[in-house]
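A.B. asks: Pasting upload-v3.csv here (CSV, C-alpha atoms and all ligand atoms):
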```
chain,number,residue,atom,x,y,z
A,1,MET,CA,-23.8,47.7,-25.2
A,2,SER,CA,-20.6,48.4,-27.0
A,3,LYS,CA,-16.9,47.6,-26.9
A,4,GLN,CA,-15.1,50.8,-26.2
A,5,LYS,CA,-11.3,51.1,-26.0
A,6,PRO,CA,-10.9,54.0,-23.6
A,7,PHE,CA,-7.2,53.2,-23.1
A,8,LEU,CA,-6.5,53.7,-26.8
A,9,ARG,CA,-8.4,57.0,-26.8
A,10,ILE,CA,-6.3,58.1,-23.7
A,11,LEU,CA,-3.2,57.0,-25.5
A,12,ALA,CA,-4.1,59.0,-28.6
A,13,ALA,CA,-4.9,62.1,-26.5
A,14,LEU,CA,-1.6,61.8,-24.6
A,15,LEU,CA,0.4,61.6,-27.8
A,16,ALA,CA,-1.5,64.7,-29.2
A,17,VAL,CA,-0.6,66.6,-26.0
A,18,CYS,CA,3.0,65.5,-26.2
A,19,VAL,CA,3.3,66.8,-29.8
A,20,PHE,CA,1.5,70.1,-28.9
A,21,VAL,CA,3.7,70.8,-25.9
A,22,ALA,CA,6.9,69.9,-27.7
A,23,LEU,CA,6.3,72.0,-30.8
A,24,PRO,CA,8.8,74.8,-31.3
A,25,GLY,CA,7.7,78.3,-30.4
A,26,ALA,CA,6.4,80.9,-32.8
A,27,ASN,CA,9.6,82.8,-32.9
A,28,VAL,CA,11.0,80.7,-35.7
A,29,SER,CA,10.2,80.7,-39.4
A,30,ALA,CA,7.4,78.5,-40.7
A,31,SER,CA,9.8,76.2,-42.6
A,32,GLU,CA,12.1,75.9,-39.6
A,33,GLN,CA,9.1,75.0,-37.4
A,34,ALA,CA,8.0,72.4,-39.9
A,35,ASP,CA,11.4,70.9,-40.1
A,36,SER,CA,11.8,70.9,-36.3
A,37,SER,CA,8.3,69.4,-35.8
A,38,LEU,CA,9.0,66.6,-38.2
A,39,ALA,CA,12.4,65.9,-36.6
A,40,PHE,CA,10.8,65.8,-33.2
A,41,PHE,CA,8.1,63.4,-34.4
A,42,ILE,CA,10.6,61.1,-36.0
A,43,ASP,CA,13.0,61.2,-33.1
A,44,TYR,CA,10.6,61.0,-30.2
A,45,ILE,CA,7.0,60.2,-31.1
A,46,VAL,CA,7.6,57.4,-33.6
A,47,PRO,CA,9.7,55.4,-31.1
A,48,ILE,CA,7.2,55.9,-28.3
A,49,ILE,CA,4.3,54.7,-30.6
A,50,SER,CA,6.4,51.7,-31.6
A,51,GLN,CA,7.2,50.7,-28.0
A,52,LEU,CA,3.5,51.2,-27.0
A,53,GLN,CA,2.4,49.0,-29.9
A,54,LYS,CA,4.8,46.3,-28.8
A,55,ILE,CA,3.5,46.5,-25.2
A,56,LEU,CA,-0.2,46.5,-26.3
A,57,SER,CA,0.5,43.7,-28.7
A,58,ALA,CA,2.2,41.6,-26.0
A,59,MET,CA,-1.0,42.2,-23.9
A,60,GLY,CA,-3.1,40.8,-26.8
A,61,LEU,CA,-4.7,44.2,-27.5
A,62,SER,CA,-5.4,45.7,-30.8
A,63,THR,CA,-3.5,48.9,-31.6
A,64,ASN,CA,-5.5,49.9,-34.6
A,65,LEU,CA,-6.8,53.4,-33.8
A,66,SER,CA,-8.6,54.1,-37.0
A,67,LEU,CA,-11.2,51.4,-37.4
A,68,PRO,CA,-14.7,52.7,-38.3
A,69,ARG,CA,-17.6,52.8,-35.9
A,70,VAL,CA,-20.4,50.3,-36.6
A,71,GLY,CA,-23.9,50.8,-35.3
A,72,ILE,CA,-25.6,47.5,-35.0
A,73,SER,CA,-29.4,47.7,-34.5
A,74,ALA,CA,-31.8,44.9,-33.8
A,75,GLY,CA,-35.2,45.9,-35.3
A,76,HIS,CA,-38.2,46.5,-33.1
A,77,GLY,CA,-38.1,45.0,-29.5
A,78,GLY,CA,-40.7,44.5,-26.8
A,79,ASN,CA,-42.8,42.0,-28.7
A,80,THR,CA,-43.3,44.2,-31.8
A,81,GLY,CA,-42.7,43.9,-35.5
A,82,ALA,CA,-43.7,41.0,-37.7
A,83,TYR,CA,-45.4,38.0,-36.0
A,84,SER,CA,-45.6,34.5,-37.3
A,85,GLY,CA,-45.2,30.9,-36.0
A,86,GLY,CA,-45.7,32.1,-32.4
A,87,VAL,CA,-42.7,34.4,-32.5
A,88,TYR,CA,-42.1,38.1,-33.1
A,89,GLU,CA,-39.4,39.1,-35.4
A,90,ASP,CA,-37.7,41.2,-32.6
A,91,VAL,CA,-36.4,38.0,-31.0
A,92,LYS,CA,-34.8,36.9,-34.3
A,93,THR,CA,-33.4,40.3,-35.1
A,94,LEU,CA,-31.8,40.5,-31.7
A,95,ALA,CA,-30.1,37.1,-32.2
A,96,ILE,CA,-28.7,38.2,-35.5
A,97,ALA,CA,-27.6,41.6,-34.2
A,98,LEU,CA,-25.8,40.0,-31.2
A,99,ALA,CA,-23.9,37.6,-33.5
A,100,VAL,CA,-22.9,40.5,-35.8
A,101,ASN,CA,-21.8,42.6,-32.8
A,102,LYS,CA,-19.7,39.8,-31.5
A,103,GLU,CA,-18.0,39.4,-34.9
A,104,PHE,CA,-17.2,43.1,-35.3
A,105,THR,CA,-16.0,43.5,-31.7
A,106,SER,CA,-13.7,40.5,-32.1
A,107,ARG,CA,-12.1,42.4,-35.1
A,108,GLY,CA,-11.5,45.5,-32.9
A,109,TYR,CA,-14.3,47.7,-34.3
A,110,GLU,CA,-16.1,50.1,-32.0
A,111,THR,CA,-19.8,49.1,-32.0
A,112,LEU,CA,-23.0,50.3,-30.4
A,113,MET,CA,-26.1,48.1,-30.2
A,114,ASN,CA,-29.5,49.7,-29.7
A,115,ARG,CA,-30.6,46.9,-27.4
A,116,THR,CA,-29.2,43.7,-25.9
A,117,ASP,CA,-32.5,42.3,-24.6
A,118,ASN,CA,-36.1,42.4,-25.7
A,119,SER,CA,-36.9,45.9,-24.5
A,120,LYS,CA,-38.7,48.1,-27.0
A,121,CYS,CA,-36.6,50.5,-29.0
A,122,ASP,CA,-38.6,53.1,-31.0
A,123,LYS,CA,-37.4,55.5,-33.7
A,124,GLU,CA,-36.8,58.4,-31.3
A,125,THR,CA,-34.8,56.3,-28.9
A,126,LYS,CA,-32.7,55.0,-31.7
A,127,LEU,CA,-31.9,58.4,-33.2
A,128,ALA,CA,-31.1,59.9,-29.8
A,129,LEU,CA,-28.7,57.0,-29.2
A,130,TYR,CA,-27.0,56.8,-32.6
A,131,GLN,CA,-26.9,60.3,-34.1
A,132,PRO,CA,-24.5,61.8,-31.4
A,133,TRP,CA,-22.4,58.7,-31.6
A,134,ARG,CA,-21.9,59.2,-35.4
A,135,PRO,CA,-21.5,55.7,-36.7
A,136,ASP,CA,-19.7,55.3,-40.0
A,137,ILE,CA,-22.3,52.7,-40.9
A,138,LEU,CA,-25.5,51.8,-39.3
A,139,LEU,CA,-26.7,48.2,-39.9
A,140,GLU,CA,-30.2,47.3,-38.8
A,141,PHE,CA,-31.6,43.8,-39.0
A,142,HIS,CA,-35.2,42.8,-39.7
A,143,TYR,CA,-37.2,39.8,-40.7
A,144,ASN,CA,-39.7,40.1,-43.6
A,145,ILE,CA,-43.3,38.9,-44.0
A,146,GLY,CA,-44.6,37.8,-47.4
A,147,GLY,CA,-47.6,35.5,-47.3
A,148,GLY,CA,-45.7,32.3,-46.6
A,149,THR,CA,-44.2,31.6,-49.9
A,150,ALA,CA,-41.9,34.5,-50.4
A,151,GLU,CA,-38.2,33.7,-49.7
A,152,GLY,CA,-34.8,35.3,-49.4
A,153,LEU,CA,-32.8,38.2,-48.2
A,154,GLU,CA,-33.0,41.9,-49.1
A,155,VAL,CA,-30.6,44.7,-48.4
A,156,TRP,CA,-32.1,48.2,-48.4
A,157,TYR,CA,-30.2,51.6,-48.7
A,158,ASP,CA,-31.1,55.2,-49.0
A,159,SER,CA,-31.8,55.7,-52.7
A,160,GLY,CA,-29.8,58.9,-52.9
A,161,ASN,CA,-26.7,57.5,-51.3
A,162,ALA,CA,-24.1,56.1,-53.7
A,163,GLU,CA,-21.9,54.7,-50.9
A,164,GLY,CA,-24.9,53.1,-49.3
A,165,LYS,CA,-25.8,51.5,-52.6
A,166,ARG,CA,-22.3,50.2,-53.0
A,167,LEU,CA,-22.3,48.6,-49.6
A,168,ALA,CA,-25.8,47.1,-50.1
A,169,GLU,CA,-24.7,45.6,-53.4
A,170,LEU,CA,-21.7,44.0,-51.8
A,171,LEU,CA,-23.8,42.7,-48.9
A,172,ALA,CA,-26.8,41.2,-50.7
A,173,PRO,CA,-25.0,38.4,-52.6
A,174,ARG,CA,-22.5,37.6,-49.8
A,175,LEU,CA,-25.0,37.4,-47.0
A,176,SER,CA,-27.5,35.4,-48.9
A,177,ALA,CA,-24.8,33.0,-50.0
A,178,ALA,CA,-23.5,32.7,-46.4
A,179,ALA,CA,-27.0,31.7,-45.2
A,180,GLY,CA,-28.1,29.7,-48.2
A,181,LEU,CA,-30.9,32.2,-48.8
A,182,LYS,CA,-32.2,33.4,-52.1
A,183,ASN,CA,-30.7,36.8,-53.0
A,184,ARG,CA,-33.5,39.3,-53.5
A,185,GLY,CA,-30.9,42.0,-54.1
A,186,ALA,CA,-29.9,45.5,-53.0
A,187,LYS,CA,-32.8,47.8,-53.1
A,188,GLY,CA,-33.1,51.6,-52.9
A,189,ASP,CA,-35.7,52.6,-50.4
A,190,ASP,CA,-37.6,54.8,-52.8
A,191,TYR,CA,-39.2,51.5,-53.7
A,192,ALA,CA,-39.9,50.3,-50.1
A,193,PRO,CA,-43.5,49.3,-49.7
A,194,GLY,CA,-44.0,51.4,-46.6
A,195,GLY,CA,-42.0,54.4,-47.9
A,196,ASN,CA,-38.4,55.4,-47.2
A,197,PHE,CA,-36.6,53.9,-44.2
A,198,TYR,CA,-35.4,56.5,-41.7
A,199,VAL,CA,-32.6,54.2,-40.6
A,200,CYS,CA,-31.2,54.4,-44.2
A,201,SER,CA,-31.5,58.2,-44.5
A,202,SER,CA,-30.5,59.3,-40.9
A,203,PHE,CA,-26.9,58.3,-41.0
A,204,PRO,CA,-23.9,58.7,-43.5
A,205,ILE,CA,-24.6,55.1,-44.5
A,206,GLY,CA,-27.7,53.4,-43.2
A,207,ILE,CA,-28.4,49.8,-44.2
A,208,LEU,CA,-31.5,47.8,-43.4
A,209,VAL,CA,-31.2,44.0,-43.9
A,210,GLU,CA,-34.4,42.0,-44.2
A,211,CYS,CA,-32.7,38.7,-43.3
A,212,ALA,CA,-35.3,36.2,-44.2
A,213,PHE,CA,-39.1,35.7,-44.3
A,214,LEU,CA,-40.5,35.1,-40.9
A,215,ASP,CA,-43.6,33.4,-42.2
A,216,ASN,CA,-41.6,31.0,-44.4
A,217,PRO,CA,-40.3,28.2,-42.0
A,218,ASN,CA,-37.8,27.1,-44.6
A,219,ASP,CA,-36.3,30.6,-44.7
A,220,VAL,CA,-36.3,31.0,-40.9
A,221,LYS,CA,-34.4,27.7,-40.2
A,222,LYS,CA,-31.5,28.8,-42.4
A,223,LEU,CA,-30.5,31.4,-39.8
A,224,ASP,CA,-31.7,29.6,-36.6
A,225,SER,CA,-28.5,27.8,-35.6
A,226,THR,CA,-25.6,29.4,-33.8
A,227,ALA,CA,-23.3,28.3,-36.5
A,228,SER,CA,-25.4,29.8,-39.3
A,229,LYS,CA,-25.6,33.1,-37.5
A,230,GLU,CA,-21.9,33.1,-36.9
A,231,LYS,CA,-21.3,32.5,-40.6
A,232,PHE,CA,-23.7,35.2,-41.5
A,233,ALA,CA,-22.0,37.7,-39.1
A,234,LYS,CA,-18.6,36.8,-40.4
A,235,ALA,CA,-19.8,37.6,-44.0
A,236,VAL,CA,-21.1,41.0,-42.8
A,237,ALA,CA,-17.8,41.9,-41.2
A,238,GLU,CA,-15.8,40.7,-44.2
A,239,VAL,CA,-17.9,42.7,-46.6
A,240,ALA,CA,-17.6,45.8,-44.4
A,241,ALA,CA,-13.8,45.4,-44.4
A,242,GLU,CA,-13.7,45.1,-48.1
A,243,PHE,CA,-16.0,48.1,-48.4
A,244,TRP,CA,-13.5,50.2,-46.5
A,245,GLY,CA,-10.7,48.7,-48.5
A,246,GLY,CA,-9.3,46.7,-45.6
B,301,ZN,ZN,-39.1,44.6,-39.0
```
Render the structure in this file as structure tokens.
Ligand SMILES: [Zn+2]

C.D. replies:
Amino acid sequence: MSKQKPFLRILAALLAVCVFVALPGANVSASEQADSSLAFFIDYIVPIISQLQKILSAMGLSTNLSLPRVGISAGHGGNTGAYSGGVYEDVKTLAIALAVNKEFTSRGYETLMNRTDNSKCDKETKLALYQPWRPDILLEFHYNIGGGTAEGLEVWYDSGNAEGKRLAELLAPRLSAAAGLKNRGAKGDDYAPGGNFYVCSSFPIGILVECAFLDNPNDVKKLDSTASKEKFAKAVAEVAAEFWGG
């Protein structure tokens, strides 16, 4: 489901305990305590962190403790959603989500997928899963339906969320270019045909990507190969890193 790094959490907790235990007592002035705490941090904690980073690095493990959490949700599941050409969109959305998850985890992010098989995942299940986990961004993937001639990729965000808008506006041109799809743009969900998207408004930043039109075979084939999905996933992760200033 997700790539956790419990050892890094334990390490952070141990360091926090070390600092707390070693802090000078309350019988010194505030300035003396601050000076002493700083000296302790520089003399003891920094070398410990440095050594641990070297050890973890030698083990091939990331030491970045501050990467954001990314919720990666495959729309629908259990043979639901749009249906065209003998296939439900939930099969396609899962394949995209798995590729995106693989890309983010390879970069050391914490991720959480809503499903990794074709089991059904409804709104209540999703909110119960993601809201306690508190993702920094939640990315949900869908396929569109448009009468057979419509084409391209859309990125939806909560209309009242400026950061969501900023991320969506970064994603739309880059993802469509990566897949060779028409860029239909970033869209505030006040204009969504079926009303606002709960996945956009239920999280600090919720993004819904309509990857391509399921009933347009020319659109669908642009994301069908493993290589095209990997390219798409790479673009998602690169944009996210830029979004966070990385
Ligand atoms: Zn859908």

A.B. asks: Please write out the residues within 12 Å of ligand ZN 301 (chain B) as a PyMOL selection string, counting all atoms listed in the file.

C.D. replies: chain A and resi 73-77+79-83+88-94+121-122+140-145+194+197+199+208-214

A.B. asks: Need the shell around Thr226 of chain A: protein/DNA/RNA residues with any atom at most 12 Å away, counting only C-alpha atoms. Skip same-chain ones fewer than 2 positions apart. Format as a ChimeraX atom specification?

C.D. replies: /A:92,95-96,98-100,179,221-224,228-233

A.B. asks: Distance atom CA of Ala241 of chain A-atom CA of Thr105 of chain A, one decimal place?

C.D. replies: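 Answer for the atom CA of Ala241 of chain A to atom CA of Thr105 of chain A separation: 13.0 Å.
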
A.B. asks: Mind pulling up the distance from atom CA of Glu163 of chain A to atom CA of Ala97 of chain A?

C.D. replies: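 Atom-to-atom, atom CA of Ala97 of chain A to atom CA of Glu163 of chain A, that is 22.0 Å.
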
A.B. asks: What's the separation between atom CA of Arg134 of chain A and atom CA of Ser176 of chain A, in Å to one decimal place?

C.D. replies: 27.9 Å

A.B. asks: Under the rule that all atoms listed in the file are counted, which of A:Ala235, A:Gly147, A:Asn101, A:Leu139 is the nearest residue to Leu170 of chain A?

C.D. replies: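 Between A:Ala235, A:Gly147, A:Asn101, A:Leu139, the residue approaching Leu170 of chain A most closely is A:Ala235.
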
A.B. asks: Hey, which of A:Thr149, A:Thr111, A:Thr116, A:Thr125 ends up closest to Pro217 of chain A? Count all atoms listed in the file.

C.D. replies: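 Comparing A:Thr149, A:Thr111, A:Thr116, A:Thr125 against Pro217 of chain A, the winner is A:Thr149.
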
A.B. asks: List as a PyMOL selection string the protein and nucleic acid residues near Phe243 of chain A, meaning an atom at most 9 Å away when all atoms listed in the file are counted, but skip any in the same chain fewer than 4 places from it.

C.D. replies: chain A and resi 166-167+170+238-239

A.B. asks: For Asp215 of chain A, which residue out of A:Leu175, A:Leu67, A:Ala150, A:Leu129 is the nearest one, using all atoms listed in the file?

C.D. replies: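 Nearest to Asp215 of chain A: A:Ala150.
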
A.B. asks: Have a look at A:Ile72, A:Gly164, A:Glu154, A:Glu103 and name the one nearest to Ala192 of chain A; count all atoms listed in the file.

C.D. replies: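 Distance minimum relative to Ala192 of chain A lands on A:Glu154.
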